[in-house]
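This report concerns only the one structure given below.
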Amino acid sequence: MRLRTDAREMMLEQFDYPELIYQTPARDLILRYKQTIMGFRRAIFMPLLNTAVFSVIFMRVAPIDTGVPYPLFAYCGLLTWNFFSSSLKFAVTSLTGNSTLVTKVYFPREVFPFSAVIVSLVDLAVGSMVLVGLMVWYHVGVSPALLFLPVVVLVQVAFTLGIALLLAMGNLFFRDVKYLFEVVVTVWMFATSVVYPVEMVGGKLGTLMRLNPMTPIIEGYRDVILYGRLPGLSFLGAAIVALVTFAFGWVLFHRAEFQFAENI
Amino acid sequence: MPQPAVIFDGVWKKFRMGERHDSLRDLIPSLLKRRDTAALADQEFWAVQDVSFEVQPGEALGIIGPNGAGKSTALKLLTRILKPTRGTCLVRGRVGALIEVAAGFHPDLTGRENIFLQGAIMGMTRPEITRKLDEIIDFSGIAPFINTQVKRYSSGMQARLGFSVAAHLNPDVLFVDEVLSVGDMNFQAKCLERMHTQLKAGVTLIFVSHNLQAVTSLCNRALVMGKGAKLFDGPSEEALDVYIKASQTSSQKYGLTQPRFTLLSSEFVRDDGRPALTLTPHAPCTLRATFECLESADHCQFGVELERTRDLLYCYGVTSDSLGQPFITCHKGEIVTVEFALTAHLARGHYRMNLNIRNPIHAQFYMSAENVAHFTIEDQRTYAGVAELNPRCDIFKTATSEHVSTAVEVP
């Protein structure tokens with residue numbers, strides 16, 4: 001019962017502030033791309049640099065078989081992981097960084113973490129142009145499976161939004177969540193199939209790592225873009241986890257929202 | 001009977017004092033320790049205690065009270081920034097808040113970009129903002145700087161732009177918190193005028209201010225708050241008296257420790273003997289006060305002071321000896337009555353009177369009492385200032401333009 005009123009409030013609020021979800025990301029984007037170098041550095045240069053570094057490791061030092069040219073494998077993983085991690089990086093301080101607004105004006109506070117994700121989505125779009133370039137370079141074509149791409153993006157966005165809401169809220173109540181997050185996100189990247197396939201990790205650790213919902217999502221991207229096939233059953237599991245995380249994160253955020261002003 | 005636009009029903013709001021844990025690192029040890037330091041529970045206090053009121057659509061309610069009375073907390077509860085600990089608080093319709101009007105501005109964006117951002121934060125749609133853009137820029141009076149980054153603005157410019165955006169929101173319910181303190185007199189007048197216009201258009205207004213004159217001019221009804229509780233709810237003029245009495249600091253004004261007189265009664269009457277709560281300019285009136293002498297005093301001089309309530313502007317002061325009365329000596333137990341007959345050559349507004357008895361030779365106060373009487377001067381005419389000079393104006397034309405031109409030709 002309470003859940004239903006919550007859900008209705010959450011939706012209605014967005015209609016009361018129709019322009020907000022556009023203006024806030026626009027503000028962040030204008031500010032970021034006003035310093036053009038910085039904007040493109042994050043969107044393109046960082047994934048490219050990491051691709052080069054890991055290409056040396058996994059092509060020269062410890063070669064692995066990934067089915068497609070390794071730089072393509074790595075860039076595809078790093079680009080989409082970058083969307084996830086940079087969304088969260090901006091989301092975690094999005095409420096505390098706007099404390100004057102949070103304490104002085106009423107409006108749906110979700111807009112800040114949402115905006116962080118939307119801005120990173122723009123970066124993802126910019127960075128994917130390089131991916132297209134790499135695919136042309138390596139002569140990797142696409143198949144009708146690419147039509148499934150929007151679903152993969154949506155699942156990742158839902159999961160990212162859910163975590164973003166929880167992190168933004170967490171950092172508001174406990175200011176060291178920000179530092180904890182930085183440690184966790186680094187470990188998390190290596191626990192995900194970003195620069196190597198996690199199936200290569202066996203034993204109990206491997207089983208544990210397969211519970212990570214980010215792996216099927218990143219592999220989902222590779223399946224539909226590089227391998228030309230539909231994602232497997234594990235992607236369905238990840239999609240369910242993503243939607244549940246999103247719903248849980250938003251409801252929790254909504255219920256804690258009224259305490260923000262006095263706790264910030 | 002229409003439904004109230006604002007309902008504040010039995011609202012309580014609790015705040016905690018002292019340092020709070022705001023990191024996980026502090027939280028974990030404190031959770032472990034909690035059991036044996038139960039005595040160190042958070043200190044709490046009520047910022048708002050059991051306050052109830054309703055505002056009908058189109059009504060204007062003023063909220064006055066000293067600092068720390070809970071006015072701003074009440075407003076934050078109404079605007080949903082805070083949630084009441086107990087009770088319900090409900091606002092019907094689109095809410096506009098003139099509180100911290102420049103809070104949503106981003107310093108690195110231009111004035112124009114910030115209008116869109118601020119508009120969005122207040123719940124306007126883009127077509128709405130675009131339609132009102134020129135009007136907003138015009139109202140703010142900073143048109144030449146609208147494409148300059150807001151960080152280059154002065155604080156006055158920021159506040160003016162913020163107010164302009166907020167003033168064009170066209171809300172159903174408008175909350176205003178002491179924003180009139182920003183901007184120069186011209187801009188303040190413009191803001192007040194804007195609020196008047198919105199009131200006429202049927203907007204419900206809740207106005208929190210220390211500017212008592214502005215409260216009485218905008219609102220017919222006012223709420224007095226003190227220490228989180230509601231002290232009074234009723235007509236503005238009466239609310240002012242309650243507020244002034246509540247914020248009075250007894251006879252401390254002149255560092256008086258042992259008053260030698262006590263005020264038994266005071267009345268302020270018109271010519272016909274009726275209490276003078278409202279007067280027209282130039283009305284004759286009398287202040288009559290009766291004192292009891294507690295301890296013998298010589299060379300008593302009686303003084304009266306008149307102050308404008310809004311800002312405690314000292315308007316007039318006179319003493320008994322300058323009006324031809326000798327200094328008198330009073331003995332313990334004697335009752336003295338003093339009458340000051342006055343003519344109220346005052347501009348419209350609210351005024352109050354103070355009385356004192358002193359010994360001018362030793363420059364010693366025997367007693368002093370603030371706000372022994374208060375009254376409102378009502379006048380239909382408009383003028384500014386504190387005195388009423390009974391003006392008349394005539395305009396004559398004495399020369400035509402031909403006259404002037406021939407005069408020029410003569411030399």
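Quick note on naming: the chains in the structure tokens go A, B, ... in the order shown, residues restart at 1 in each chain, and ligands are numbered from 1 in order of appearance.
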
Give me the residues of chain A that have any atom at most 12 Å from an atom of chain B; for each, the nearest atom pair and the distance in Å, rounded to one decimal. Use only C-alpha atoms, sort by chain and number, and format it as a tab-separated table.
residue	atom	partner	partner_atom	distance
A:Glu13	CA	B:Gly123	CA	9.6
A:Gln14	CA	B:Gly123	CA	9.4
A:Phe15	CA	B:Gly123	CA	8.8
A:Asp16	CA	B:Gly123	CA	6.0
A:Tyr17	CA	B:Gly123	CA	4.2
A:Pro18	CA	B:Thr125	CA	5.9
A:Glu19	CA	B:Ala120	CA	4.9
A:Leu20	CA	B:Ala120	CA	4.7
A:Ile21	CA	B:Ala120	CA	8.4
A:Tyr22	CA	B:Ala120	CA	8.5
A:Gln23	CA	B:Leu117	CA	5.7
A:Thr24	CA	B:Leu117	CA	7.0
A:Pro25	CA	B:Leu117	CA	10.2
A:Ala26	CA	B:Leu117	CA	9.0
A:Arg27	CA	B:Leu117	CA	7.5
A:Asp28	CA	B:His106	CA	10.0
A:Leu29	CA	B:Leu109	CA	11.4
A:Ile30	CA	B:Leu109	CA	8.4
A:Leu31	CA	B:Asp108	CA	7.3
A:Arg32	CA	B:Asp108	CA	10.7
A:Lys34	CA	B:Asp108	CA	9.8
A:Gln35	CA	B:Asp108	CA	11.6
A:Thr96	CA	B:Asp22	CA	12.0
A:Gly97	CA	B:His106	CA	11.8
A:Asn98	CA	B:Gly104	CA	8.9
A:Ser99	CA	B:Ala103	CA	9.7
A:Thr100	CA	B:Ala103	CA	6.3
A:Leu101	CA	B:Ala103	CA	5.8
A:Val102	CA	B:Ile81	CA	7.8
A:Thr103	CA	B:Ile81	CA	6.9
A:Lys104	CA	B:Glu100	CA	6.6
A:Val105	CA	B:Ile81	CA	6.7
A:Tyr106	CA	B:Ile81	CA	5.3
A:Phe107	CA	B:Ile121	CA	6.3
A:Pro108	CA	B:Ile121	CA	8.8
A:Arg109	CA	B:Ile121	CA	10.2
A:Val111	CA	B:Ile121	CA	9.8
A:Phe112	CA	B:Ile121	CA	11.5
A:Gly170	CA	B:Leu24	CA	9.7
A:Asn171	CA	B:Ser23	CA	8.5
A:Leu172	CA	B:Asp22	CA	8.2
A:Phe173	CA	B:Asp22	CA	5.8
A:Phe174	CA	B:Ser23	CA	4.0
A:Arg175	CA	B:Ser23	CA	5.1
A:Asp176	CA	B:Ser23	CA	5.5
A:Val177	CA	B:Leu24	CA	7.4
A:Lys178	CA	B:Ser23	CA	10.2
A:Tyr179	CA	B:Leu24	CA	10.7
A:Leu180	CA	B:Leu24	CA	9.6
A:Arg255	CA	B:Lys83	CA	11.1
A:Ala256	CA	B:Lys83	CA	10.5
A:Glu257	CA	B:Ile81	CA	8.9
A:Phe258	CA	B:Leu82	CA	5.6
A:Gln259	CA	B:Leu82	CA	6.9
A:Phe260	CA	B:Leu82	CA	8.3
A:Ala261	CA	B:Ile81	CA	6.4
A:Glu262	CA	B:Leu82	CA	7.4
A:Asn263	CA	B:Asp22	CA	8.3
A:Ile264	CA	B:Asp22	CA	8.7

Handout entry: Spatial neighbours of stretch 45-50 of chain A, 12 Å, only C-alpha atoms, chain gap at least 4 places, as a PyMOL selection string
Key = chain A and resi 37-41+54-58+71-83+85-86+123-124+126-131+134+194-195

Serialized selection, N, CA and C atoms, as a compact mmCIF listing (two decimals), in the first residue's frame:
# COMPACT_ATOMS: atom_id res chain seq x y z
N ILE A 37 38.78 20.40 -23.38
CA ILE A 37 39.83 19.39 -23.23
C ILE A 37 39.45 18.38 -22.15
N MET A 38 39.00 18.93 -21.01
CA MET A 38 38.63 18.06 -19.89
C MET A 38 37.49 17.13 -20.28
N GLY A 39 36.49 17.68 -20.97
CA GLY A 39 35.33 16.88 -21.34
C GLY A 39 35.73 15.68 -22.19
N PHE A 40 36.53 15.93 -23.22
CA PHE A 40 36.90 14.84 -24.11
C PHE A 40 37.94 13.93 -23.48
N ARG A 41 38.72 14.48 -22.57
CA ARG A 41 39.72 13.66 -21.91
C ARG A 41 39.04 12.50 -21.20
N PHE A 54 46.39 -2.06 -21.12
CA PHE A 54 46.00 -3.46 -20.96
C PHE A 54 46.32 -4.28 -22.21
N SER A 55 46.37 -3.60 -23.38
CA SER A 55 46.76 -4.32 -24.60
C SER A 55 48.18 -4.84 -24.48
N VAL A 56 49.05 -4.01 -23.90
CA VAL A 56 50.43 -4.45 -23.69
C VAL A 56 50.45 -5.65 -22.76
N ILE A 57 49.70 -5.56 -21.65
CA ILE A 57 49.71 -6.65 -20.66
C ILE A 57 49.16 -7.94 -21.26
N PHE A 58 47.95 -7.85 -21.87
CA PHE A 58 47.28 -9.09 -22.28
C PHE A 58 47.61 -9.52 -23.71
N PRO A 71 42.42 -5.19 -28.37
CA PRO A 71 42.11 -3.78 -28.13
C PRO A 71 40.61 -3.49 -28.25
N LEU A 72 39.96 -4.17 -29.18
CA LEU A 72 38.52 -3.99 -29.35
C LEU A 72 37.78 -4.51 -28.13
N PHE A 73 38.19 -5.71 -27.69
CA PHE A 73 37.61 -6.32 -26.50
C PHE A 73 37.76 -5.38 -25.30
N ALA A 74 38.96 -4.86 -25.12
CA ALA A 74 39.25 -4.03 -23.95
C ALA A 74 38.53 -2.69 -24.04
N TYR A 75 38.57 -2.05 -25.22
CA TYR A 75 37.97 -0.72 -25.33
C TYR A 75 36.46 -0.80 -25.09
N CYS A 76 35.83 -1.84 -25.67
CA CYS A 76 34.38 -2.01 -25.48
C CYS A 76 34.06 -2.14 -23.99
N GLY A 77 34.88 -2.92 -23.28
CA GLY A 77 34.65 -3.10 -21.84
C GLY A 77 34.93 -1.84 -21.05
N LEU A 78 36.06 -1.19 -21.39
CA LEU A 78 36.45 0.00 -20.62
C LEU A 78 35.48 1.16 -20.84
N LEU A 79 35.00 1.30 -22.08
CA LEU A 79 34.08 2.39 -22.38
C LEU A 79 32.80 2.27 -21.56
N THR A 80 32.25 1.05 -21.56
CA THR A 80 30.98 0.86 -20.85
C THR A 80 31.19 0.87 -19.34
N TRP A 81 32.34 0.34 -18.89
CA TRP A 81 32.64 0.41 -17.46
C TRP A 81 32.84 1.86 -17.02
N ASN A 82 33.48 2.62 -17.90
CA ASN A 82 33.73 4.02 -17.63
C ASN A 82 32.41 4.78 -17.42
N PHE A 83 31.40 4.41 -18.20
CA PHE A 83 30.09 5.03 -18.03
C PHE A 83 29.57 4.75 -16.61
N SER A 85 31.36 3.77 -13.85
CA SER A 85 32.16 4.31 -12.74
C SER A 85 32.12 5.83 -12.70
N SER A 86 32.10 6.48 -13.87
CA SER A 86 32.09 7.95 -13.80
C SER A 86 30.71 8.47 -13.39
N ASP A 123 28.84 11.20 -22.40
CA ASP A 123 30.24 10.79 -22.57
C ASP A 123 30.33 9.44 -23.27
N LEU A 124 29.44 8.53 -22.88
CA LEU A 124 29.41 7.20 -23.49
C LEU A 124 29.16 7.32 -24.99
N VAL A 126 29.79 9.89 -26.90
CA VAL A 126 30.98 10.47 -27.53
C VAL A 126 32.06 9.40 -27.70
N GLY A 127 32.28 8.63 -26.62
CA GLY A 127 33.32 7.61 -26.65
C GLY A 127 33.02 6.47 -27.61
N SER A 128 31.76 6.21 -27.89
CA SER A 128 31.41 5.09 -28.77
C SER A 128 31.79 5.37 -30.22
N MET A 129 32.02 6.65 -30.53
CA MET A 129 32.48 6.96 -31.90
C MET A 129 33.86 6.35 -32.14
N VAL A 130 34.68 6.34 -31.09
CA VAL A 130 36.00 5.72 -31.20
C VAL A 130 35.85 4.21 -31.40
N LEU A 131 34.85 3.64 -30.71
CA LEU A 131 34.62 2.20 -30.85
C LEU A 131 34.29 1.86 -32.30
N LEU A 134 37.42 1.89 -34.27
CA LEU A 134 38.22 0.69 -34.02
C LEU A 134 37.67 -0.51 -34.77
N VAL A 194 35.98 -6.66 -17.61
CA VAL A 194 36.27 -5.41 -18.32
C VAL A 194 37.49 -5.59 -19.22
N VAL A 195 38.61 -6.02 -18.63
CA VAL A 195 39.83 -6.15 -19.43
C VAL A 195 40.22 -7.61 -19.67

Problem - Which of stretch 62-250 of chain B fall in strand (DSSP E), as a ChimeraX atom specification - result: /B:62-64,86-91,95-98,173-177,204-208,221-226,229-235

Handout entry: Point-to-point distance from atom CA of B:Gly62 to atom CA of B:Asp177, Å rounded to tenths
Key =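 Answer for the atom CA of B:Gly62 to atom CA of B:Asp177 separation: 10.1 Å.
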
Exercise for the section: Give the alpha helix (DSSP H) residues of stretch 1-183 of chain A, as assigned by DSSP on the backbone, as a VMD selection string. Expected result: chain A and resid 2 to 16 20 to 34 36 to 40 46 to 56 70 to 92 99 to 104 111 to 137 149 to 173 177 to 183

At a cut-off of 8 Å, using only C-alpha atoms, what residues contact B:Thr88? Leave out same-chain residues fewer than 4 positions from it and give the result as a PDB file with C-alpha atoms, in the first residue's frame.
ATOM      1  CA  ILE B   7      -3.262  23.496   6.568  1.00  0.00           C
ATOM      2  CA  PHE B   8      -0.832  23.339   9.457  1.00  0.00           C
ATOM      3  CA  ASP B   9      -2.316  20.958  11.964  1.00  0.00           C
ATOM      4  CA  GLY B  10      -0.734  20.268  15.332  1.00  0.00           C
ATOM      5  CA  VAL B  11       2.770  20.436  13.911  1.00  0.00           C
ATOM      6  CA  PRO B  84       7.160  17.513  10.666  1.00  0.00           C
TER       7      PRO B  84
END

Practice task
Tell me, as JSON, numbers by chain, which residues lie within 8 Å of A:Ala168, counting only C-alpha atoms; anything in the same chain fewer than 4 positions away does not count.
Solution key: {"A": [91, 92, 93, 94, 95, 96, 113, 164, 172]}

Practice task
Within 9 Å of B:Val224, counting only C-alpha atoms, which residues show up once you throw out same-chain ones fewer than 4 positions away? Write them as a PyMOL selection string, please.
Solution key: chain B and resi 62-65+69+229-234+239-240+242-243

Using C-alpha atoms, can you export the residues from the last selection as a compact mmCIF listing (two decimals), in the first residue's frame?
# COMPACT_ATOMS: atom_id res chain seq x y z
CA GLY B 62 1.92 37.32 8.15
CA ILE B 63 4.18 35.44 10.55
CA ILE B 64 6.13 37.56 13.02
CA GLY B 65 8.21 36.80 16.05
CA ALA B 69 10.75 31.70 17.25
CA ALA B 229 4.87 28.07 19.90
CA LYS B 230 1.98 30.03 18.51
CA LEU B 231 1.29 33.04 20.74
CA PHE B 232 -1.42 34.75 18.76
CA ASP B 233 -3.40 34.39 15.57
CA GLY B 234 -5.64 37.22 14.48
CA ALA B 239 -0.67 40.77 16.45
CA LEU B 240 1.81 43.62 16.44
CA VAL B 242 1.28 40.93 21.13
CA TYR B 243 4.63 40.74 19.41

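If only C-alpha atoms are the atoms counted, then among B:Cys300, B:Leu223, B:Ile328, B:Leu306 the closest residue to B:Tyr366 is B:Cys300.
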
Exercise for the section: Could you check which of A:Val155, A:Ala247, A:Val68, A:Leu165 is closest to A:Phe235, using only C-alpha atoms? Expected result: A:Val155

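Straight-line separation from atom CA of A:Leu167 to atom CA of A:Phe248: 12.7 Å.
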
Exercise for the section: Measuring atom to atom with only C-alpha atoms, identify which of B:Leu389, B:Met225, B:Val165, B:Val150 is nearest to B:Ala47. Expected result: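 Ranked by minimum distance to B:Ala47, first place goes to B:Met225.
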
Handout entry: Atom pair atom CA of B:Cys89 / atom CA of B:Lys13: separation (Å)
Key =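 Spanning atom CA of B:Cys89 to atom CA of B:Lys13 is a straight-line distance of 11.3 Å.
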
Exercise for the section: Determine, counting only C-alpha atoms, which protein, DNA and RNA residues have an atom within 10 Å of an atom of B:Gln56; residues of the same chain fewer than 3 positions away are not included. Present the result as an MDAnalysis selection string. Expected result: chainID B and resid 1:7 59:61 204:205

Handout entry: Spatial neighbours of B:Phe340, max dist 9 Å, only C-alpha atoms, sep filter under 4 positions, as a PyMOL selection string
Key = chain B and resi 285-289+304+320
